[in-house]
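Chemist: Following this line is work20.pdb, made up of PDB, C-alpha atoms and all ligand atoms:
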ATOM      1  CA  MET R 913      86.628 107.050 161.184
ATOM      2  CA  SER R 914      87.178 107.061 157.421
ATOM      3  CA  VAL R 915      88.974 109.928 155.688
ATOM      4  CA  SER R 916      85.870 110.789 153.677
ATOM      5  CA  ASP R 917      83.621 110.874 156.768
ATOM      6  CA  ALA R 918      86.153 112.959 158.694
ATOM      7  CA  LEU R 919      86.477 115.486 155.868
ATOM      8  CA  ALA R 920      82.716 115.720 155.408
ATOM      9  CA  TYR R 921      82.212 116.463 159.133
ATOM     10  CA  TRP R 922      85.175 118.847 159.151
ATOM     11  CA  LYS R 923      83.838 120.852 156.206
ATOM     12  CA  GLY R 924      80.334 120.812 157.676
ATOM     13  CA  LEU R 925      81.589 122.287 160.950
ATOM     14  CA  GLU R 926      83.661 124.896 159.145
ATOM     15  CA  ALA R 927      80.643 125.828 157.018
ATOM     16  CA  MET R 928      78.554 126.304 160.165
ATOM     17  CA  GLY R 929      81.180 127.943 162.365
ATOM     18  CA  GLY R 930      83.134 129.901 159.749
ATOM     19  CA  SER R 931      86.518 131.128 160.902
ATOM     20  CA  GLY R 932      85.448 130.516 164.513
ATOM     21  CA  ALA R 933      85.165 126.730 164.000
ATOM     22  CA  LYS R 934      87.774 124.833 165.991
ATOM     23  CA  ILE R 935      88.387 121.217 165.062
ATOM     24  CA  HIS R 936      89.729 119.125 167.909
ATOM     25  CA  LEU R 937      90.789 115.548 167.115
ATOM     26  CA  THR R 938      90.481 113.333 170.139
ATOM     27  CA  GLY R 939      89.397 109.866 171.169
ATOM     28  CA  GLY R 940      89.359 107.413 172.639
ATOM     29  CA  GLU R 941      92.923 107.830 171.565
ATOM     30  CA  PRO R 942      93.614 109.067 168.010
ATOM     31  CA  PHE R 943      97.211 107.793 168.027
ATOM     32  CA  ALA R 944      95.905 104.233 168.488
ATOM     33  CA  ASN R 945      95.734 104.191 164.668
ATOM     34  CA  TRP R 946      98.516 106.543 163.572
ATOM     35  CA  PRO R 947      98.285 105.693 159.825
ATOM     36  CA  ALA R 948      94.565 106.521 159.814
ATOM     37  CA  LEU R 949      95.135 109.719 161.793
ATOM     38  CA  LEU R 950      97.887 110.768 159.406
ATOM     39  CA  ASP R 951      95.678 110.019 156.383
ATOM     40  CA  ILE R 952      92.959 112.285 157.776
ATOM     41  CA  LEU R 953      95.368 115.111 158.641
ATOM     42  CA  GLN R 954      97.108 114.923 155.243
ATOM     43  CA  ALA R 955      93.835 114.833 153.299
ATOM     44  CA  ALA R 956      92.532 117.793 155.298
ATOM     45  CA  HIS R 957      95.762 119.739 154.849
ATOM     46  CA  ALA R 958      95.625 119.164 151.097
ATOM     47  CA  GLN R 959      92.254 120.941 151.161
ATOM     48  CA  GLY R 960      93.508 123.819 153.258
ATOM     49  CA  LEU R 961      92.120 122.514 156.569
ATOM     50  CA  CYS R 962      94.236 122.451 159.726
ATOM     51  CA  ALA R 963      93.283 120.911 163.059
ATOM     52  CA  HIS R 964      93.065 123.367 165.905
ATOM     53  CA  GLU R 965      94.000 120.727 168.476
ATOM     54  CA  LEU R 966      94.998 117.070 168.559
ATOM     55  CA  GLU R 967      94.759 115.291 171.889
ATOM     56  CA  THR R 968      96.725 112.265 173.072
ATOM     57  CA  ASN R 969      97.509 110.455 176.288
ATOM     58  CA  ALA R 970     101.094 109.707 175.075
ATOM     59  CA  PHE R 971     100.684 105.934 175.477
ATOM     60  CA  TRP R 972     102.673 105.486 172.260
ATOM     61  CA  CYS R 973     105.705 107.530 173.328
ATOM     62  CA  THR R 974     108.291 104.846 173.981
ATOM     63  CA  GLU R 975     110.830 105.591 171.216
ATOM     64  CA  PRO R 976     112.281 109.130 171.183
ATOM     65  CA  GLN R 977     113.031 108.975 167.454
ATOM     66  CA  GLN R 978     109.458 108.019 166.576
ATOM     67  CA  VAL R 979     108.094 110.731 168.852
ATOM     68  CA  TYR R 980     110.324 113.252 167.103
ATOM     69  CA  GLN R 981     109.278 112.094 163.611
ATOM     70  CA  ARG R 982     105.584 112.278 164.423
ATOM     71  CA  CYS R 983     105.921 115.734 165.980
ATOM     72  CA  ARG R 984     107.756 116.877 162.827
ATOM     73  CA  GLN R 985     104.952 115.516 160.658
ATOM     74  CA  LEU R 986     102.364 117.308 162.785
ATOM     75  CA  ASP R 987     104.338 120.512 162.482
ATOM     76  CA  GLN R 988     104.474 120.166 158.683
ATOM     77  CA  LEU R 989     100.701 119.633 158.668
ATOM     78  CA  ASP R 990     100.265 122.949 160.524
ATOM     79  CA  LEU R 991      98.684 121.439 163.609
ATOM     80  CA  GLY R 992      97.527 124.275 165.866
ATOM     81  CA  ARG R 993      98.270 122.652 169.192
ATOM     82  CA  LEU R 994      99.094 119.253 170.627
ATOM     83  CA  VAL R 995      97.133 118.540 173.815
ATOM     84  CA  VAL R 996      98.758 116.027 176.149
ATOM     85  CA  SER R 997      96.574 114.395 178.799
ATOM     86  CA  CYS R 998      98.261 114.282 182.169
ATOM     87  CA  ASP R 999      96.208 113.547 185.260
ATOM     88  CA  LEU R1000      95.671 111.003 187.967
ATOM     89  CA  TYR R1001      93.209 108.999 185.873
ATOM     90  CA  HIS R1002      95.487 108.579 182.849
ATOM     91  CA  GLN R1003      98.649 108.036 184.880
ATOM     92  CA  ARG R1004      97.070 105.026 186.508
ATOM     93  CA  TYR R1005      97.552 103.349 183.105
ATOM     94  CA  ILE R1006     100.177 105.396 181.225
ATOM     95  CA  PRO R1007     103.724 105.678 182.640
ATOM     96  CA  PHE R1008     104.460 109.314 183.397
ATOM     97  CA  GLU R1009     107.830 108.995 181.579
ATOM     98  CA  ARG R1010     105.972 108.753 178.251
ATOM     99  CA  VAL R1011     104.111 111.993 178.920
ATOM    100  CA  LYS R1012     107.350 113.677 179.899
ATOM    101  CA  LEU R1013     109.075 112.494 176.721
ATOM    102  CA  LEU R1014     106.261 113.744 174.499
ATOM    103  CA  VAL R1015     106.088 117.123 176.228
ATOM    104  CA  GLN R1016     109.850 117.581 175.880
ATOM    105  CA  VAL R1017     110.008 116.609 172.216
ATOM    106  CA  ALA R1018     106.804 118.412 171.192
ATOM    107  CA  THR R1019     107.930 121.573 172.964
ATOM    108  CA  ASP R1020     111.229 121.463 171.024
ATOM    109  CA  VAL R1021     109.587 120.776 167.659
ATOM    110  CA  LEU R1022     106.327 122.744 167.889
ATOM    111  CA  GLY R1023     107.302 125.407 170.401
ATOM    112  CA  PRO R1024     105.837 125.809 173.913
ATOM    113  CA  GLU R1025     102.804 127.801 172.761
ATOM    114  CA  ARG R1026     101.684 124.834 170.633
ATOM    115  CA  VAL R1027     101.783 122.291 173.460
ATOM    116  CA  ARG R1028      98.990 122.234 176.012
ATOM    117  CA  ILE R1029      99.305 119.952 179.010
ATOM    118  CA  ARG R1030      96.017 118.949 180.544
ATOM    119  CA  TRP R1031      96.758 119.416 183.437
ATOM    120  CA  ARG R1032      99.943 121.375 183.937
ATOM    121  CA  ASP R1033      99.745 121.340 187.747
ATOM    122  CA  PHE R1034      99.666 117.539 187.743
ATOM    123  CA  PHE R1035     102.566 117.461 185.271
ATOM    124  CA  ALA R1036     104.594 119.585 187.707
ATOM    125  CA  ASN R1037     103.703 117.314 190.640
ATOM    126  CA  PRO R1038     102.703 113.859 189.343
ATOM    127  CA  VAL R1039     101.278 111.285 191.740
ATOM    128  CA  ASP R1040     101.832 107.557 191.296
ATOM    129  CA  ILE R1041      98.618 106.075 192.597
ATOM    130  CA  SER R1042      99.926 102.515 192.416
ATOM    131  CA  ASP R1043     101.952 103.212 195.572
ATOM    132  CA  LEU R1044      98.939 104.393 197.553
ATOM    133  CA  GLY R1045      96.637 102.480 199.883
ATOM    134  CA  PRO R1046      92.814 102.586 199.466
ATOM    135  CA  GLU R1047      92.212 105.636 201.676
ATOM    136  CA  GLN R1048      95.116 107.578 200.163
ATOM    137  CA  SER R1049      93.838 106.671 196.676
ATOM    138  CA  ARG R1050      90.394 107.921 197.592
ATOM    139  CA  GLN R1051      91.845 111.192 198.832
ATOM    140  CA  ALA R1052      93.957 111.523 195.684
ATOM    141  CA  TYR R1053      90.910 111.021 193.436
ATOM    142  CA  CYS R1054      88.896 113.539 195.465
ATOM    143  CA  HIS R1055      91.742 116.038 195.209
ATOM    144  CA  ALA R1056      92.030 115.459 191.443
ATOM    145  CA  TRP R1057      88.330 116.006 190.893
ATOM    146  CA  HIS R1058      88.147 119.091 193.081
ATOM    147  CA  SER R1059      91.165 120.528 191.235
ATOM    148  CA  HIS R1060      89.559 120.317 187.801
ATOM    149  CA  HIS R1061      85.903 119.184 188.089
ATOM    150  CA  ASP R1062      85.922 116.817 185.110
ATOM    151  CA  ARG R1063      82.402 115.854 184.086
ATOM    152  CA  LEU R1064      81.041 112.838 185.940
ATOM    153  CA  THR R1065      79.859 110.830 182.951
ATOM    154  CA  GLY R1066      80.918 107.425 181.601
ATOM    155  CA  ARG R1067      83.370 105.566 183.826
ATOM    156  CA  ALA R1068      83.841 108.633 186.038
ATOM    157  CA  ALA R1069      80.202 108.250 187.106
ATOM    158  CA  GLU R1070      80.957 104.719 188.272
ATOM    159  CA  LYS R1071      84.460 105.085 189.687
ATOM    160  CA  ILE R1072      84.942 108.683 190.805
ATOM    161  CA  ALA R1073      81.508 110.045 191.683
ATOM    162  CA  PRO R1074      80.861 107.571 194.545
ATOM    163  CA  LEU R1075      84.016 108.890 196.271
ATOM    164  CA  LEU R1076      82.645 112.446 196.404
ATOM    165  CA  GLU R1077      79.997 114.136 198.520
ATOM    166  CA  LEU R1078      76.618 112.772 197.421
ATOM    167  CA  HIS R1079      73.179 114.396 197.388
ATOM    168  CA  PRO R1080      69.604 113.176 196.830
ATOM    169  CA  ALA R1081      68.357 113.267 193.230
ATOM    170  CA  SER R1082      65.878 116.025 194.168
ATOM    171  CA  THR R1083      68.841 118.367 194.795
ATOM    172  CA  PHE R1084      69.109 118.699 191.013
ATOM    173  CA  ALA R1085      65.441 119.520 190.356
ATOM    174  CA  GLY R1086      65.101 122.574 188.134
ATOM    175  CA  GLN R1087      68.652 122.359 186.732
ATOM    176  CA  ASP R1088      67.814 122.172 183.049
ATOM    177  CA  CYS R1089      70.266 121.339 180.248
ATOM    178  CA  ARG R1090      69.151 123.801 177.589
ATOM    179  CA  LYS R1091      72.546 125.445 177.437
ATOM    180  CA  PRO R1092      74.784 122.343 177.256
ATOM    181  CA  ILE R1093      72.551 120.727 174.622
ATOM    182  CA  LEU R1094      71.551 123.703 172.470
ATOM    183  CA  ALA R1095      74.033 126.469 173.124
ATOM    184  CA  SER R1096      77.438 125.050 174.032
ATOM    185  CA  ARG R1097      78.655 125.515 170.416
ATOM    186  CA  HIS R1098      80.615 122.325 170.967
ATOM    187  CA  VAL R1099      79.924 118.830 169.641
ATOM    188  CA  HIS R1100      81.715 115.493 169.572
ATOM    189  CA  ILE R1101      81.329 113.143 166.606
ATOM    190  CA  ASP R1102      82.247 109.462 166.990
ATOM    191  CA  PRO R1103      83.404 107.060 164.233
ATOM    192  CA  ALA R1104      79.817 105.903 163.629
ATOM    193  CA  GLY R1105      78.712 109.501 163.005
ATOM    194  CA  ASN R1106      76.891 109.884 166.349
ATOM    195  CA  VAL R1107      76.827 113.529 167.406
ATOM    196  CA  PHE R1108      76.974 114.339 171.120
ATOM    197  CA  PRO R1109      76.403 117.848 172.458
ATOM    198  CA  GLY R1110      79.351 119.288 174.400
ATOM    199  CA  VAL R1111      80.686 116.550 176.586
ATOM    200  CA  CYS R1112      77.375 114.721 177.120
ATOM    201  CA  ALA R1113      78.768 111.297 176.187
ATOM    202  CA  GLY R1114      75.995 108.827 175.451
ATOM    203  CA  LEU R1115      73.372 111.417 174.487
ATOM    204  CA  VAL R1116      72.979 111.320 170.701
ATOM    205  CA  VAL R1117      71.382 114.376 169.094
ATOM    206  CA  GLY R1118      71.703 113.023 165.552
ATOM    207  CA  ASN R1119      73.888 111.140 163.111
ATOM    208  CA  ALA R1120      76.232 113.058 160.821
ATOM    209  CA  ARG R1121      76.380 110.144 158.364
ATOM    210  CA  GLN R1122      72.639 110.348 157.837
ATOM    211  CA  ASN R1123      72.257 114.125 157.767
ATOM    212  CA  PRO R1124      74.660 116.960 157.001
ATOM    213  CA  LEU R1125      75.527 118.781 160.218
ATOM    214  CA  SER R1126      73.690 121.988 159.291
ATOM    215  CA  GLN R1127      70.501 120.017 158.622
ATOM    216  CA  LEU R1128      71.014 117.996 161.765
ATOM    217  CA  TRP R1129      71.060 121.174 163.801
ATOM    218  CA  GLU R1130      67.731 122.290 162.316
ATOM    219  CA  LEU R1131      66.290 118.860 163.137
ATOM    220  CA  LEU R1132      67.519 119.156 166.718
ATOM    221  CA  LEU R1133      65.868 122.547 167.196
ATOM    222  CA  SER R1134      62.501 121.121 166.133
ATOM    223  CA  SER R1135      62.978 117.694 167.737
ATOM    224  CA  GLU R1136      60.189 116.245 169.874
ATOM    225  CA  ASP R1137      62.372 113.426 171.149
ATOM    226  CA  GLN R1138      61.224 112.660 174.702
ATOM    227  CA  ILE R1139      64.720 112.309 176.178
ATOM    228  CA  LEU R1140      66.118 115.464 174.566
ATOM    229  CA  GLN R1141      63.051 117.538 175.396
ATOM    230  CA  THR R1142      63.028 116.345 179.013
ATOM    231  CA  LEU R1143      66.701 117.222 179.445
ATOM    232  CA  ILE R1144      66.369 120.573 177.686
ATOM    233  CA  GLN R1145      63.369 121.605 179.759
ATOM    234  CA  GLN R1146      63.911 119.890 183.104
ATOM    235  CA  GLY R1147      67.429 118.475 183.212
ATOM    236  CA  PRO R1148      68.252 115.005 184.533
ATOM    237  CA  TYR R1149      65.786 115.194 187.424
ATOM    238  CA  GLY R1150      63.068 115.190 184.768
ATOM    239  CA  LEU R1151      64.567 111.972 183.380
ATOM    240  CA  VAL R1152      64.058 110.353 186.793
ATOM    241  CA  SER R1153      60.289 110.632 186.230
ATOM    242  CA  VAL R1154      60.606 109.046 182.776
ATOM    243  CA  ALA R1155      62.662 106.192 184.232
ATOM    244  CA  ALA R1156      60.435 105.797 187.297
ATOM    245  CA  ARG R1157      57.558 104.815 185.012
ATOM    246  CA  LEU R1158      59.738 101.866 183.992
ATOM    247  CA  GLY R1159      60.647 100.915 187.546
ATOM    248  CA  TYR R1160      63.718 103.066 188.247
ATOM    249  CA  GLN R1161      64.399 104.205 191.801
ATOM    250  CA  PRO R1162      67.220 106.679 192.432
ATOM    251  CA  GLY R1163      70.025 104.974 194.344
ATOM    252  CA  GLN R1164      69.997 105.551 198.072
ATOM    253  CA  ASP R1165      73.629 106.645 197.933
ATOM    254  CA  GLY R1166      72.848 109.849 196.082
ATOM    255  CA  PHE R1167      74.646 111.742 193.329
ATOM    256  CA  ALA R1168      77.734 113.930 193.165
ATOM    257  CA  GLY R1169      76.382 116.223 190.445
ATOM    258  CA  LYS R1170      73.690 116.526 187.812
ATOM    259  CA  CYS R1171      75.777 114.720 185.157
ATOM    260  CA  HIS R1172      76.287 111.822 187.572
ATOM    261  CA  LEU R1173      72.520 111.597 188.034
ATOM    262  CA  CYS R1174      71.996 111.917 184.282
ATOM    263  CA  THR R1175      74.445 109.121 183.505
ATOM    264  CA  LYS R1176      72.947 106.758 186.061
ATOM    265  CA  VAL R1177      69.392 107.335 184.821
ATOM    266  CA  ARG R1178      70.437 107.077 181.181
ATOM    267  CA  ARG R1179      72.170 103.783 181.883
ATOM    268  CA  PHE R1180      68.888 102.465 183.290
ATOM    269  CA  LEU R1181      67.041 103.772 180.224
ATOM    270  CA  TRP R1182      69.644 102.200 177.933
ATOM    271  CA  ASP R1183      69.008  98.860 179.634
ATOM    272  CA  SER R1184      65.289  99.241 178.927
ATOM    273  CA  GLY R1185      66.089  99.223 175.190
ATOM    274  CA  LYS R1186      63.369 101.823 174.526
ATOM    275  CA  PHE R1187      65.334 104.990 173.849
ATOM    276  CA  ALA R1188      67.839 104.221 171.089
ATOM    277  CA  PRO R1189      69.409 105.921 169.261
ATOM    278  CA  THR R1190      69.131 109.007 171.516
ATOM    279  CA  ILE R1191      70.536 107.043 174.435
ATOM    280  CA  GLY R1192      73.555 105.249 173.041
ATOM    281  CA  PRO R1193      75.808 103.857 171.790
ATOM    282  CA  LYS R1194      76.456 100.914 174.066
ATOM    283  CA  GLN R1195      80.157 101.799 174.476
ATOM    284  CA  CYS R1196      79.136 104.918 176.393
ATOM    285  CA  TYR R1197      77.391 102.764 178.985
ATOM    286  CA  TYR R1198      79.342  99.523 179.134
ATOM    287  CA  GLU R1199      83.008  98.774 178.580
ATOM    288  CA  ASN R1200      82.428  95.453 176.779
TER     289      ASN R1200
HETATM  290  S1  LIG F1301      73.099 116.520 182.974
HETATM  291 FE1  LIG F1301      73.193 115.183 181.165
HETATM  292  S2  LIG F1301      72.470 116.407 179.458
HETATM  293 FE2  LIG F1301      72.915 117.793 181.160
HETATM  294  S3  LIG F1301      75.016 118.494 180.799
HETATM  295 FE3  LIG F1301      75.162 116.698 182.162
HETATM  296  S4  LIG F1301      75.415 114.921 180.811
HETATM  297 FE4  LIG F1301      74.692 116.654 179.545
END
As structure tokens, please, write out the structure in this file.
Ligand code: SF4
Modeler:
Amino acid sequence: MSVSDALAYWKGLEAMGGSGAKIHLTGGEPFANWPALLDILQAAHAQGLCAHELETNAFWCTEPQQVYQRCRQLDQLDLGRLVVSCDLYHQRYIPFERVKLLVQVATDVLGPERVRIRWRDFFANPVDISDLGPEQSRQAYCHAWHSHHDRLTGRAAEKIAPLLELHPASTFAGQDCRKPILASRHVHIDPAGNVFPGVCAGLVVGNARQNPLSQLWELLLSSEDQILQTLIQQGPYGLVSVAARLGYQPGQDGFAGKCHLCTKVRRFLWDSGKFAPTIGPKQCYYEN
């Protein structure tokens, strides 16, 4: 994301949310491009803007001196809080030692109240899944999900949801998504300007490069987009009917939750090529 785009979105959100606006810089992984992240934070700081939270998985924390320097820079830029991801899913790829190093250094530099570990219970009792057999891994994933109920979208819909208790699609009839789409007071904006409501990855309610955020919100409220209206009024079970007209049949294995159902149906609709840009971008549905 360019500095100018980031600042435009940042100011737009502050204009809409006033002093209650909370800017959370996350990814992907924002530290994957530290110079770009620093440019954005410095440019924002120069205009009196400070990030409420910055989230990282600590993949980059191999050199204590570099970790210290970056934490000092974040402190000088008045970062509100550093959020460190720590859970079974991340620790399959990121050595726990890196998380531990970052938490130690950030706590020293920023103070404990400015370091949030997500999740602290896992940090206290980390599990190395690489040592576990298939059944133990399955149990560990089930335990992780039941501990924190992360939303079953994206890869979680493919990898985690099938391990959980599954229900027929009709179980989710009548569970509309008015609140998560229109009233969560929470959006994600990706580098292309796509705006997602709450944590509904892959559901685009508008593009912040094409319309200022305040205008985009007005457009959303009057939108007649078939996908958005179906989800707002009927939830993902309503999307099943839309997809069924194109040949979709809900999987016989069932669904672990309404977001799992939503993701599976939206992936089918993405494949149909008929619902862009509302269903997109491709990265939310396929890894490559
Ligand atoms: S079911 Fe879909 S639209 Fe509703 S909250 Fe979940 S991901 Fe968002």
Chemist: Report the closest atom pair, with its distance in Å rounded to one decimal, for each residue of chain R that has an atom no farther than 6 Å from ligand LIG 1301 (chain F); count all atoms listed in the file, sort by chain and then rising residue number, and write it as a tab-separated table.
Modeler:
residue	atom	partner	partner_atom	distance
R:Cys1089	CA	F:LIG1301	FE2	4.5
R:Pro1092	CA	F:LIG1301	S3	5.2
R:Cys1112	CA	F:LIG1301	FE4	4.1
R:Leu1143	CA	F:LIG1301	S2	5.8
R:Gly1147	CA	F:LIG1301	FE2	5.9
R:Pro1148	CA	F:LIG1301	S1	5.3
R:Lys1170	CA	F:LIG1301	S1	4.9
R:Cys1171	CA	F:LIG1301	FE3	3.6
R:Cys1174	CA	F:LIG1301	FE1	4.7
Chemist: Mind checking which residues fall within 12 Å of Lys1071 (chain R), counting all atoms listed in the file, ignoring those fewer than 6 positions away in the same chain, and posting them as a ChimeraX atom specification?
Modeler: /R:1001,1049-1050,1053-1054,1057,1064-1065,1168,1172
Chemist: Given the choices R:Ile1191, R:Ala956, R:Ala1104, R:Ala920, which gets closest to Arg1179 (chain R) if the distance is worked out from only C-alpha atoms?
Modeler: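 So, comparing all the options, the nearest one is R:Ile1191.
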Chemist: Scan for residues within 12 Å of the point (98.6, 103.7, 196.0) in the coordinates of the file, using only C-alpha atoms, and reply as a PyMOL selection string.
Modeler: chain R and resi 1000+1003-1004+1039-1053
Chemist: Using only C-alpha atoms, which of the listed residues (R:Ile1139, R:Ala1081, R:Leu1094, R:Leu1133) sits closest to Asp1165 (chain R)?
Modeler: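 Going through R:Ile1139, R:Ala1081, R:Leu1094, R:Leu1133 one by one, the smallest distance to Asp1165 (chain R) is for R:Ala1081.
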Chemist: Excluding Val1011 (chain R) and its own-chain neighbours fewer than 5 positions away, which residues fall within 12 Å of it when counting only C-alpha atoms? Please give them as a PyMOL selection string.
Modeler: chain R and resi 968-974+976+979+995-999+1002-1003+1005-1006+1016-1019+1027-1032+1034-1036+1038
Chemist: Just how far from CA of His936 (chain R) is CA of Gln977 (chain R), in Å to one decimal?
Modeler: 25.4 Å
Chemist: If you apply the PyMOL selection byres (((chain R and resi 1196) around 7) and not hetatm) to this file, what residues do you get, as a PDB file with C-alpha atoms, keeping the file's coordinate frame?
Modeler:
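In the end it all went to part_35.pdb:
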ATOM      1  CA  GLY R1066      80.918 107.425 181.601  1.00  0.00           C
ATOM      2  CA  ALA R1113      78.768 111.297 176.187  1.00  0.00           C
ATOM      3  CA  GLY R1114      75.995 108.827 175.451  1.00  0.00           C
ATOM      4  CA  GLY R1192      73.555 105.249 173.041  1.00  0.00           C
ATOM      5  CA  PRO R1193      75.808 103.857 171.790  1.00  0.00           C
ATOM      6  CA  LYS R1194      76.456 100.914 174.066  1.00  0.00           C
ATOM      7  CA  GLN R1195      80.157 101.799 174.476  1.00  0.00           C
ATOM      8  CA  TYR R1197      77.391 102.764 178.985  1.00  0.00           C
ATOM      9  CA  TYR R1198      79.342  99.523 179.134  1.00  0.00           C
TER      10      TYR R1198
END
Chemist: For the file shown, report as a ChimeraX atom specification the outcome of the PyMOL selection byres (((chain R and resi 921) around 12) and not hetatm) at residue level.
Modeler: /R:913-920,922-929,933,935-937,952,956,961,1099-1107,1119-1126,1128
Chemist: Work out how far CA of Asp987 (chain R) is from CA of Ala955 (chain R), in Å to one decimal.
Modeler: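 Taking CA of Ala955 (chain R) as the start and CA of Asp987 (chain R) as the end point, the length is 15.1 Å.
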Chemist: Report, in Å to a single decimal, how far apart CA of Gln1146 (chain R) and CA of Leu1132 (chain R) are.
Modeler: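 About the pair CA of Leu1132 (chain R) and CA of Gln1146 (chain R): they are 16.8 Å apart.
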Chemist: With distances taken over all atoms listed in the file, which of R:Cys962, R:Leu950, R:Glu1070, R:Val1015 is nearest to Glu1199 (chain R)?
Modeler: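 Of R:Cys962, R:Leu950, R:Glu1070, R:Val1015, the one nearest Glu1199 (chain R), counting all atoms listed in the file, is R:Glu1070.
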Chemist: Kindly resolve the PyMOL selection byres (((chain R and resi 1151) around 12) and not hetatm) on the present coordinates and return the residues as a VMD selection string.
Modeler: chain R and resid 1081 to 1082 1084 to 1089 1138 to 1150 1152 to 1158 1160 to 1162 1170 to 1171 1173 to 1181 1187 1191
